[in-house]
Amino acid sequence: MNENSIFITAQIKVKPHIELNSGIAAIEAFCVAMNSEENCIFAYATQSIQDERHFILWECYRDQSGFDEHFSMAHTQEFIQAGLTELLNVESSTACLNAKLGYLSLVGQVK
């Protein structure tokens, strides 16, 4: 992880007509596939306590080109084309100074 690392926070929701366990399985498989990407430092999914169909994906890529490459991956295109979820919001960010000094050095050991 470095000063060029890109963090992505994406909010998605399993569509109402999709069986929830199928949606969860697809999200889990997508995270496993993202974590296999060379430029993905980590990819996690968390499920909302208030709305069981709402998930937050938290991803970190080595740099912008690594994130851009993510969209050319077969597993990303397959997840999007499956249409199981609705994208609610996406935010991208970089590390702040405090994070660089402490937290990121710990998270950087993930991969």
# chains A, B, ... in the order shown; residues from 1 in each chain; ligands from 1
call {"tool": "residues_around", "arguments": {"residues": "Asn89 in chain A", "least_positions_apart": "5", "cutoff": "12 Å", "atoms": "only C-alpha atoms", "output": "list in words"}}
result
Ile8, Thr9, Ala10, Gln11, Ile12, Lys13, His54, Phe55, Ile56 and Leu57 of chain A
call {"tool": "residues_around", "arguments": {"residues": "Ala26 in chain A", "least_positions_apart": "2", "cutoff": "10 Å", "atoms": "only C-alpha atoms", "output": "list of chain:residue names"}}
result
A:Val14, A:Leu20, A:Asn21, A:Ser22, A:Gly23, A:Ile24, A:Glu28, A:Ala29, A:Phe30, A:Cys31, A:Val32, A:Phe79, A:Ala82, A:Leu84, A:Thr85
call {"tool": "atom_distance", "arguments": {"atom1": "CA of Gln81 in chain A", "atom2": "CA of Gln50 in chain A"}}
result
27.0 Å
call {"tool": "select_by_dssp", "arguments": {"residues": "chain A", "states": "alpha helix (DSSP H)", "output": "CSV table (one decimal) with all heavy atoms, in the first residue's frame"}}
result
chain,number,residue,atom,x,y,z
A,20,LEU,N,-32.4,-13.8,-1.2
A,20,LEU,CA,-31.3,-13.1,-0.4
A,20,LEU,C,-30.0,-14.0,-0.4
A,20,LEU,O,-28.9,-13.5,-0.6
A,20,LEU,CB,-31.7,-12.7,1.0
A,20,LEU,CG,-30.7,-12.0,1.8
A,20,LEU,CD1,-30.2,-10.7,1.2
A,20,LEU,CD2,-31.2,-11.7,3.2
A,21,ASN,N,-30.2,-15.3,-0.1
A,21,ASN,CA,-29.0,-16.2,0.0
A,21,ASN,C,-28.2,-16.3,-1.3
A,21,ASN,O,-27.0,-16.4,-1.3
A,21,ASN,CB,-29.4,-17.5,0.6
A,21,ASN,CG,-29.7,-17.5,2.0
A,21,ASN,OD1,-29.2,-16.6,2.8
A,21,ASN,ND2,-30.6,-18.4,2.5
A,22,SER,N,-29.0,-16.2,-2.4
A,22,SER,CA,-28.3,-16.2,-3.7
A,22,SER,C,-27.5,-14.9,-3.9
A,22,SER,O,-26.4,-15.0,-4.4
A,22,SER,CB,-29.3,-16.3,-4.8
A,22,SER,OG,-30.0,-17.6,-4.8
A,23,GLY,N,-28.0,-13.8,-3.5
A,23,GLY,CA,-27.3,-12.6,-3.6
A,23,GLY,C,-26.1,-12.6,-2.7
A,23,GLY,O,-25.0,-12.1,-3.1
A,24,ILE,N,-26.2,-13.1,-1.5
A,24,ILE,CA,-25.1,-13.1,-0.6
A,24,ILE,C,-24.0,-14.0,-1.2
A,24,ILE,O,-22.8,-13.6,-1.1
A,24,ILE,CB,-25.5,-13.6,0.8
A,24,ILE,CG1,-26.4,-12.6,1.5
A,24,ILE,CG2,-24.3,-14.0,1.7
A,24,ILE,CD1,-27.1,-13.0,2.8
A,25,ALA,N,-24.3,-15.1,-1.7
A,25,ALA,CA,-23.4,-16.1,-2.3
A,25,ALA,C,-22.6,-15.4,-3.4
A,25,ALA,O,-21.4,-15.5,-3.6
A,25,ALA,CB,-24.0,-17.3,-2.7
A,26,ALA,N,-23.4,-14.6,-4.3
A,26,ALA,CA,-22.7,-13.9,-5.4
A,26,ALA,C,-21.8,-12.9,-4.9
A,26,ALA,O,-20.7,-12.7,-5.5
A,26,ALA,CB,-23.8,-13.3,-6.3
A,27,ILE,N,-22.1,-12.1,-3.9
A,27,ILE,CA,-21.3,-11.1,-3.3
A,27,ILE,C,-20.0,-11.7,-2.7
A,27,ILE,O,-18.9,-11.2,-2.9
A,27,ILE,CB,-22.1,-10.2,-2.3
A,27,ILE,CG1,-23.2,-9.4,-3.0
A,27,ILE,CG2,-21.1,-9.3,-1.5
A,27,ILE,CD1,-24.2,-8.8,-2.1
A,28,GLU,N,-20.2,-12.8,-2.0
A,28,GLU,CA,-19.0,-13.5,-1.4
A,28,GLU,C,-18.1,-14.0,-2.5
A,28,GLU,O,-16.9,-13.8,-2.4
A,28,GLU,CB,-19.5,-14.6,-0.5
A,28,GLU,CG,-20.1,-14.2,0.8
A,28,GLU,CD,-20.7,-15.4,1.6
A,28,GLU,OE1,-20.9,-16.5,1.0
A,28,GLU,OE2,-21.0,-15.2,2.8
A,29,ALA,N,-18.6,-14.6,-3.5
A,29,ALA,CA,-17.8,-15.1,-4.6
A,29,ALA,C,-17.1,-13.9,-5.3
A,29,ALA,O,-15.9,-14.0,-5.7
A,29,ALA,CB,-18.6,-15.9,-5.6
A,30,PHE,N,-17.8,-12.8,-5.5
A,30,PHE,CA,-17.2,-11.6,-6.1
A,30,PHE,C,-16.0,-11.1,-5.3
A,30,PHE,O,-15.0,-10.8,-5.9
A,30,PHE,CB,-18.3,-10.5,-6.3
A,30,PHE,CG,-17.8,-9.3,-7.1
A,30,PHE,CD1,-17.1,-9.4,-8.2
A,30,PHE,CD2,-18.2,-8.1,-6.7
A,30,PHE,CE1,-16.7,-8.3,-9.0
A,30,PHE,CE2,-17.8,-6.9,-7.4
A,30,PHE,CZ,-17.1,-7.0,-8.5
A,31,CYS,N,-16.2,-11.0,-4.0
A,31,CYS,CA,-15.1,-10.6,-3.1
A,31,CYS,C,-13.9,-11.5,-3.2
A,31,CYS,O,-12.7,-11.1,-3.3
A,31,CYS,CB,-15.5,-10.4,-1.7
A,31,CYS,SG,-16.5,-9.0,-1.4
A,32,VAL,N,-14.1,-12.8,-3.3
A,32,VAL,CA,-13.0,-13.8,-3.4
A,32,VAL,C,-12.3,-13.5,-4.7
A,32,VAL,O,-11.1,-13.5,-4.8
A,32,VAL,CB,-13.5,-15.2,-3.3
A,32,VAL,CG1,-12.5,-16.2,-3.8
A,32,VAL,CG2,-14.0,-15.5,-1.9
A,33,ALA,N,-13.1,-13.3,-5.8
A,33,ALA,CA,-12.5,-13.1,-7.1
A,33,ALA,C,-11.7,-11.7,-7.1
A,33,ALA,O,-10.6,-11.7,-7.7
A,33,ALA,CB,-13.5,-13.1,-8.2
A,34,MET,N,-12.2,-10.7,-6.5
A,34,MET,CA,-11.5,-9.4,-6.4
A,34,MET,C,-10.2,-9.6,-5.7
A,34,MET,O,-9.2,-9.0,-6.1
A,34,MET,CB,-12.4,-8.4,-5.8
A,34,MET,CG,-13.5,-7.8,-6.7
A,34,MET,SD,-14.3,-6.3,-5.9
A,34,MET,CE,-15.3,-7.1,-4.7
A,35,ASN,N,-10.2,-10.3,-4.6
A,35,ASN,CA,-9.0,-10.5,-3.8
A,35,ASN,C,-7.9,-11.3,-4.6
A,35,ASN,O,-6.8,-11.2,-4.2
A,35,ASN,CB,-9.3,-11.2,-2.5
A,35,ASN,CG,-9.8,-10.2,-1.5
A,35,ASN,OD1,-9.1,-9.2,-1.1
A,35,ASN,ND2,-11.0,-10.4,-1.0
A,64,GLN,N,-4.7,3.9,-9.3
A,64,GLN,CA,-5.9,4.1,-10.2
A,64,GLN,C,-5.9,3.1,-11.3
A,64,GLN,O,-7.0,2.6,-11.7
A,64,GLN,CB,-5.9,5.6,-10.7
A,64,GLN,CG,-7.1,5.9,-11.6
A,64,GLN,CD,-8.4,5.8,-10.8
A,64,GLN,OE1,-8.5,6.4,-9.7
A,64,GLN,NE2,-9.4,5.1,-11.3
A,65,SER,N,-4.8,2.8,-11.9
A,65,SER,CA,-4.8,1.9,-13.1
A,65,SER,C,-5.2,0.5,-12.6
A,65,SER,O,-5.9,-0.2,-13.4
A,65,SER,CB,-3.4,1.9,-13.8
A,65,SER,OG,-2.4,1.4,-12.9
A,66,GLY,N,-4.9,0.1,-11.4
A,66,GLY,CA,-5.3,-1.2,-10.8
A,66,GLY,C,-6.8,-1.2,-10.7
A,66,GLY,O,-7.4,-2.2,-11.0
A,67,PHE,N,-7.4,-0.1,-10.2
A,67,PHE,CA,-8.8,0.0,-10.1
A,67,PHE,C,-9.5,-0.1,-11.5
A,67,PHE,O,-10.5,-0.8,-11.7
A,67,PHE,CB,-9.3,1.2,-9.3
A,67,PHE,CG,-10.7,1.4,-9.3
A,67,PHE,CD1,-11.5,0.4,-8.7
A,67,PHE,CD2,-11.3,2.5,-9.8
A,67,PHE,CE1,-12.9,0.6,-8.6
A,67,PHE,CE2,-12.7,2.7,-9.7
A,67,PHE,CZ,-13.5,1.8,-9.1
A,68,ASP,N,-8.9,0.7,-12.4
A,68,ASP,CA,-9.5,0.7,-13.8
A,68,ASP,C,-9.4,-0.7,-14.4
A,68,ASP,O,-10.4,-1.2,-15.1
A,68,ASP,CB,-8.7,1.7,-14.7
A,68,ASP,CG,-8.8,3.1,-14.3
A,68,ASP,OD1,-9.8,3.4,-13.5
A,68,ASP,OD2,-8.0,3.9,-14.7
A,69,GLU,N,-8.3,-1.4,-14.2
A,69,GLU,CA,-8.2,-2.8,-14.7
A,69,GLU,C,-9.2,-3.7,-14.1
A,69,GLU,O,-9.7,-4.7,-14.8
A,69,GLU,CB,-6.8,-3.3,-14.3
A,69,GLU,CG,-6.5,-4.7,-14.8
A,69,GLU,CD,-5.1,-5.1,-14.4
A,69,GLU,OE1,-4.1,-4.5,-15.0
A,69,GLU,OE2,-4.9,-6.0,-13.5
A,70,HIS,N,-9.6,-3.5,-12.9
A,70,HIS,CA,-10.7,-4.3,-12.2
A,70,HIS,C,-11.9,-4.4,-13.1
A,70,HIS,O,-12.5,-5.5,-13.1
A,70,HIS,CB,-11.0,-3.6,-10.8
A,70,HIS,CG,-12.3,-4.0,-10.2
A,70,HIS,ND1,-12.5,-5.3,-9.7
A,70,HIS,CD2,-13.4,-3.4,-10.0
A,70,HIS,CE1,-13.7,-5.4,-9.2
A,70,HIS,NE2,-14.3,-4.2,-9.4
A,74,ALA,N,-13.1,-10.5,-16.0
A,74,ALA,CA,-14.3,-11.3,-16.4
A,74,ALA,C,-15.2,-11.4,-15.2
A,74,ALA,O,-16.4,-11.2,-15.3
A,74,ALA,CB,-13.9,-12.7,-16.8
A,75,HIS,N,-14.7,-11.6,-14.0
A,75,HIS,CA,-15.6,-11.7,-12.8
A,75,HIS,C,-16.3,-10.4,-12.5
A,75,HIS,O,-17.5,-10.5,-12.0
A,75,HIS,CB,-14.8,-12.2,-11.5
A,75,HIS,CG,-13.7,-11.3,-11.1
A,75,HIS,ND1,-12.4,-11.6,-11.5
A,75,HIS,CD2,-13.6,-10.2,-10.4
A,75,HIS,CE1,-11.6,-10.7,-11.0
A,75,HIS,NE2,-12.3,-9.8,-10.3
A,76,THR,N,-15.7,-9.3,-12.8
A,76,THR,CA,-16.4,-8.0,-12.5
A,76,THR,C,-17.6,-7.9,-13.6
A,76,THR,O,-18.7,-7.5,-13.2
A,76,THR,CB,-15.4,-6.8,-12.7
A,76,THR,OG1,-14.4,-7.0,-11.7
A,76,THR,CG2,-16.2,-5.5,-12.4
A,77,GLN,N,-17.3,-8.1,-14.8
A,77,GLN,CA,-18.3,-8.0,-15.8
A,77,GLN,C,-19.4,-9.0,-15.6
A,77,GLN,O,-20.6,-8.7,-15.8
A,77,GLN,CB,-17.7,-8.2,-17.2
A,77,GLN,CG,-16.8,-7.1,-17.6
A,77,GLN,CD,-17.5,-5.7,-17.6
A,77,GLN,OE1,-18.6,-5.6,-18.1
A,77,GLN,NE2,-16.9,-4.8,-17.0
A,78,GLU,N,-19.1,-10.2,-15.2
A,78,GLU,CA,-20.1,-11.3,-14.9
A,78,GLU,C,-21.0,-10.8,-13.7
A,78,GLU,O,-22.2,-11.0,-13.7
A,78,GLU,CB,-19.4,-12.6,-14.6
A,78,GLU,CG,-18.8,-13.2,-15.8
A,78,GLU,CD,-17.9,-14.4,-15.5
A,78,GLU,OE1,-17.8,-14.8,-14.3
A,78,GLU,OE2,-17.2,-14.9,-16.4
A,79,PHE,N,-20.4,-10.3,-12.7
A,79,PHE,CA,-21.2,-9.8,-11.5
A,79,PHE,C,-22.1,-8.7,-11.9
A,79,PHE,O,-23.3,-8.7,-11.6
A,79,PHE,CB,-20.2,-9.3,-10.4
A,79,PHE,CG,-21.0,-8.9,-9.1
A,79,PHE,CD1,-21.4,-9.9,-8.2
A,79,PHE,CD2,-21.2,-7.6,-8.9
A,79,PHE,CE1,-22.1,-9.5,-7.1
A,79,PHE,CE2,-21.9,-7.2,-7.7
A,79,PHE,CZ,-22.4,-8.2,-6.8
A,80,ILE,N,-21.6,-7.7,-12.7
A,80,ILE,CA,-22.5,-6.6,-13.2
A,80,ILE,C,-23.6,-7.2,-14.1
A,80,ILE,O,-24.8,-6.8,-13.9
A,80,ILE,CB,-21.6,-5.6,-13.9
A,80,ILE,CG1,-20.7,-4.9,-12.9
A,80,ILE,CG2,-22.5,-4.6,-14.6
A,80,ILE,CD1,-19.6,-4.0,-13.6
A,81,GLN,N,-23.3,-8.0,-15.0
A,81,GLN,CA,-24.2,-8.6,-16.0
A,81,GLN,C,-25.3,-9.5,-15.3
A,81,GLN,O,-26.4,-9.6,-15.8
A,81,GLN,CB,-23.5,-9.3,-17.1
A,81,GLN,CG,-22.7,-8.4,-18.0
A,81,GLN,CD,-23.4,-7.2,-18.6
A,81,GLN,OE1,-24.5,-7.4,-19.1
A,81,GLN,NE2,-22.8,-6.1,-18.5
A,82,ALA,N,-24.9,-10.1,-14.2
A,82,ALA,CA,-25.9,-11.0,-13.5
A,82,ALA,C,-27.1,-10.2,-13.0
A,82,ALA,O,-28.2,-10.7,-12.9
A,82,ALA,CB,-25.2,-11.7,-12.4
A,97,LEU,N,-3.2,11.4,6.2
A,97,LEU,CA,-1.9,11.4,6.9
A,97,LEU,C,-2.0,10.5,8.1
A,97,LEU,O,-1.2,9.6,8.3
A,97,LEU,CB,-1.5,12.8,7.3
A,97,LEU,CG,-0.2,12.8,8.1
A,97,LEU,CD1,1.0,12.2,7.3
A,97,LEU,CD2,0.2,14.3,8.4
A,98,ASN,N,-3.0,10.6,8.9
A,98,ASN,CA,-3.2,9.8,10.1
A,98,ASN,C,-3.2,8.3,9.8
A,98,ASN,O,-2.6,7.5,10.4
A,98,ASN,CB,-4.4,10.2,11.0
A,98,ASN,CG,-4.2,11.5,11.6
A,98,ASN,OD1,-3.1,12.0,11.8
A,98,ASN,ND2,-5.3,12.2,12.0
A,99,ALA,N,-4.0,8.0,8.7
A,99,ALA,CA,-4.1,6.6,8.3
A,99,ALA,C,-2.7,6.1,7.8
A,99,ALA,O,-2.4,5.0,8.1
A,99,ALA,CB,-5.1,6.5,7.2
A,100,LYS,N,-2.0,6.9,7.1
A,100,LYS,CA,-0.7,6.5,6.6
A,100,LYS,C,0.2,6.2,7.7
A,100,LYS,O,1.0,5.2,7.7
A,100,LYS,CB,-0.1,7.6,5.7
A,100,LYS,CG,-0.7,7.7,4.4
A,100,LYS,CD,-0.1,8.8,3.6
A,100,LYS,CE,-0.8,9.1,2.3
A,100,LYS,NZ,-0.2,10.2,1.6
A,101,LEU,N,0.1,6.9,8.8
A,101,LEU,CA,1.0,6.7,10.0
A,101,LEU,C,0.7,5.4,10.8
A,101,LEU,O,1.6,4.9,11.4
A,101,LEU,CB,1.0,7.9,10.9
A,101,LEU,CG,1.5,9.2,10.3
A,101,LEU,CD1,1.3,10.4,11.2
A,101,LEU,CD2,3.0,9.1,9.9
A,103,TYR,N,-2.9,3.1,10.8
A,103,TYR,CA,-3.8,2.1,10.3
A,103,TYR,C,-3.4,1.4,9.0
A,103,TYR,O,-3.4,0.2,8.9
A,103,TYR,CB,-5.2,2.8,10.2
A,103,TYR,CG,-6.2,1.8,9.6
A,103,TYR,CD1,-6.7,0.8,10.4
A,103,TYR,CD2,-6.7,1.9,8.3
A,103,TYR,CE1,-7.7,-0.1,9.9
A,103,TYR,CE2,-7.6,1.1,7.8
A,103,TYR,CZ,-8.1,0.1,8.6
A,103,TYR,OH,-9.0,-0.8,8.1
A,104,LEU,N,-2.9,2.2,8.1
A,104,LEU,CA,-2.6,1.6,6.8
A,104,LEU,C,-1.4,0.7,6.9
A,104,LEU,O,-1.3,-0.3,6.1
A,104,LEU,CB,-2.3,2.7,5.7
A,104,LEU,CG,-3.6,3.4,5.3
A,104,LEU,CD1,-3.2,4.4,4.2
A,104,LEU,CD2,-4.7,2.4,4.8
A,105,SER,N,-0.5,0.9,7.8
A,105,SER,CA,0.6,0.0,7.9
A,105,SER,C,0.1,-1.3,8.4
A,105,SER,O,0.7,-2.4,8.0
A,105,SER,CB,1.7,0.6,8.8
A,105,SER,OG,1.2,0.7,10.1
A,106,LEU,N,-0.9,-1.4,9.2
A,106,LEU,CA,-1.5,-2.6,9.7
A,106,LEU,C,-2.3,-3.3,8.6
A,106,LEU,O,-2.1,-4.5,8.3
A,106,LEU,CB,-2.4,-2.3,10.9
A,106,LEU,CG,-3.1,-3.5,11.4
A,106,LEU,CD1,-2.1,-4.6,12.0
A,106,LEU,CD2,-4.1,-3.1,12.5
A,107,VAL,N,-3.1,-2.5,7.9
A,107,VAL,CA,-3.9,-3.1,6.8
A,107,VAL,C,-3.1,-3.6,5.7
A,107,VAL,O,-3.3,-4.6,5.0
A,107,VAL,CB,-5.0,-2.1,6.3
A,107,VAL,CG1,-5.7,-2.6,5.1
A,107,VAL,CG2,-6.0,-1.8,7.4
call {"tool": "residues_around", "arguments": {"residues": "Asn4 in chain A", "least_positions_apart": "4", "cutoff": "8 Å", "atoms": "only C-alpha atoms", "output": "list in words"}}
result
Arg62, Asp63, Gln64 and Thr94 of chain A
call {"tool": "write_last_selection", "arguments": {"atoms": "all heavy atoms", "output": "PDB file, in the first residue's frame"}}
result
ATOM      1  N   ARG A  62      -3.918  -0.891  -5.621  1.00  0.00           N
ATOM      2  CA  ARG A  62      -2.572  -0.302  -5.539  1.00  0.00           C
ATOM      3  C   ARG A  62      -2.512   1.109  -6.114  1.00  0.00           C
ATOM      4  O   ARG A  62      -1.806   1.969  -5.620  1.00  0.00           O
ATOM      5  CB  ARG A  62      -1.564  -1.182  -6.252  1.00  0.00           C
ATOM      6  CG  ARG A  62      -1.412  -2.511  -5.575  1.00  0.00           C
ATOM      7  CD  ARG A  62      -0.148  -3.227  -5.929  1.00  0.00           C
ATOM      8  NE  ARG A  62      -0.178  -4.593  -5.429  1.00  0.00           N
ATOM      9  CZ  ARG A  62      -0.054  -4.945  -4.166  1.00  0.00           C
ATOM     10  NH1 ARG A  62       0.107  -4.025  -3.257  1.00  0.00           N
ATOM     11  NH2 ARG A  62      -0.107  -6.208  -3.796  1.00  0.00           N
ATOM     12  N   ASP A  63      -3.309   1.351  -7.168  1.00  0.00           N
ATOM     13  CA  ASP A  63      -3.337   2.670  -7.790  1.00  0.00           C
ATOM     14  C   ASP A  63      -4.554   2.752  -8.704  1.00  0.00           C
ATOM     15  O   ASP A  63      -5.322   1.791  -8.823  1.00  0.00           O
ATOM     16  CB  ASP A  63      -2.045   2.959  -8.564  1.00  0.00           C
ATOM     17  CG  ASP A  63      -1.695   1.876  -9.577  1.00  0.00           C
ATOM     18  OD1 ASP A  63      -2.608   1.183 -10.090  1.00  0.00           O
ATOM     19  OD2 ASP A  63      -0.496   1.708  -9.862  1.00  0.00           O
ATOM     20  N   GLN A  64      -4.731   3.898  -9.329  1.00  0.00           N
ATOM     21  CA  GLN A  64      -5.899   4.109 -10.192  1.00  0.00           C
ATOM     22  C   GLN A  64      -5.938   3.125 -11.348  1.00  0.00           C
ATOM     23  O   GLN A  64      -6.997   2.621 -11.708  1.00  0.00           O
ATOM     24  CB  GLN A  64      -5.926   5.552 -10.728  1.00  0.00           C
ATOM     25  CG  GLN A  64      -7.149   5.869 -11.562  1.00  0.00           C
ATOM     26  CD  GLN A  64      -8.443   5.804 -10.777  1.00  0.00           C
ATOM     27  OE1 GLN A  64      -8.544   6.376  -9.698  1.00  0.00           O
ATOM     28  NE2 GLN A  64      -9.449   5.110 -11.312  1.00  0.00           N
ATOM     29  N   THR A  94      -8.335   8.447  -1.047  1.00  0.00           N
ATOM     30  CA  THR A  94      -6.941   8.088  -0.838  1.00  0.00           C
ATOM     31  C   THR A  94      -6.681   8.142   0.660  1.00  0.00           C
ATOM     32  O   THR A  94      -7.509   8.631   1.428  1.00  0.00           O
ATOM     33  CB  THR A  94      -5.989   9.058  -1.571  1.00  0.00           C
ATOM     34  OG1 THR A  94      -6.230  10.378  -1.082  1.00  0.00           O
ATOM     35  CG2 THR A  94      -6.204   9.010  -3.068  1.00  0.00           C
TER      36      THR A  94
END
call {"tool": "residues_around", "arguments": {"residues": "Tyr61 in chain A", "least_positions_apart": "3", "cutoff": "8 Å", "atoms": "only C-alpha atoms", "output": "list in words"}}
result
Ser5, Ile6, Phe7, Asn39, Cys40, Ile41, Phe42, Gln64, Gly66 and Phe67 of chain A
call {"tool": "write_last_selection", "arguments": {"atoms": "N, CA, C and O atoms", "output": "compact mmCIF listing (two decimals), in the first residue's frame"}}
result
# COMPACT_ATOMS: atom_id res chain seq x y z
N SER A 5 -2.45 4.45 -3.46
CA SER A 5 -3.53 3.49 -3.26
C SER A 5 -4.89 4.17 -3.32
O SER A 5 -5.05 5.30 -2.86
N ILE A 6 -5.84 3.48 -3.93
CA ILE A 6 -7.20 3.98 -4.09
C ILE A 6 -8.15 3.10 -3.27
O ILE A 6 -8.14 1.87 -3.42
N PHE A 7 -8.94 3.73 -2.43
CA PHE A 7 -9.96 3.02 -1.65
C PHE A 7 -11.31 3.26 -2.31
O PHE A 7 -11.63 4.39 -2.69
N ASN A 39 -3.71 -6.36 -8.52
CA ASN A 39 -3.64 -4.99 -8.00
C ASN A 39 -4.66 -4.68 -6.91
O ASN A 39 -4.75 -3.54 -6.47
N CYS A 40 -5.41 -5.68 -6.48
CA CYS A 40 -6.35 -5.50 -5.38
C CYS A 40 -5.64 -5.87 -4.08
O CYS A 40 -5.18 -6.99 -3.91
N ILE A 41 -5.54 -4.92 -3.17
CA ILE A 41 -4.91 -5.16 -1.88
C ILE A 41 -5.90 -5.89 -0.97
O ILE A 41 -5.53 -6.81 -0.27
N PHE A 42 -7.15 -5.46 -0.99
CA PHE A 42 -8.20 -6.18 -0.28
C PHE A 42 -9.57 -5.79 -0.81
O PHE A 42 -9.74 -4.73 -1.41
N GLN A 64 -4.73 3.90 -9.33
CA GLN A 64 -5.90 4.11 -10.19
C GLN A 64 -5.94 3.12 -11.35
O GLN A 64 -7.00 2.62 -11.71
N GLY A 66 -4.86 0.12 -11.38
CA GLY A 66 -5.30 -1.16 -10.85
C GLY A 66 -6.81 -1.21 -10.68
O GLY A 66 -7.45 -2.23 -10.97
N PHE A 67 -7.38 -0.10 -10.24
CA PHE A 67 -8.84 -0.03 -10.12
C PHE A 67 -9.49 -0.05 -11.50
O PHE A 67 -10.48 -0.75 -11.72
call {"tool": "atom_distance", "arguments": {"atom1": "CA of Tyr44 in chain A", "atom2": "CA of Trp58 in chain A"}}
result
5.2 Å
call {"tool": "select_by_dssp", "arguments": {"residues": "chain A", "states": "strand (DSSP E)", "output": "PyMOL selection string"}}
result
chain A and resi 6-14+40-47+54-61+85-93
call {"tool": "atom_distance", "arguments": {"atom1": "CA of Asp51 in chain A", "atom2": "CA of Gly83 in chain A"}}
result
19.2 Å
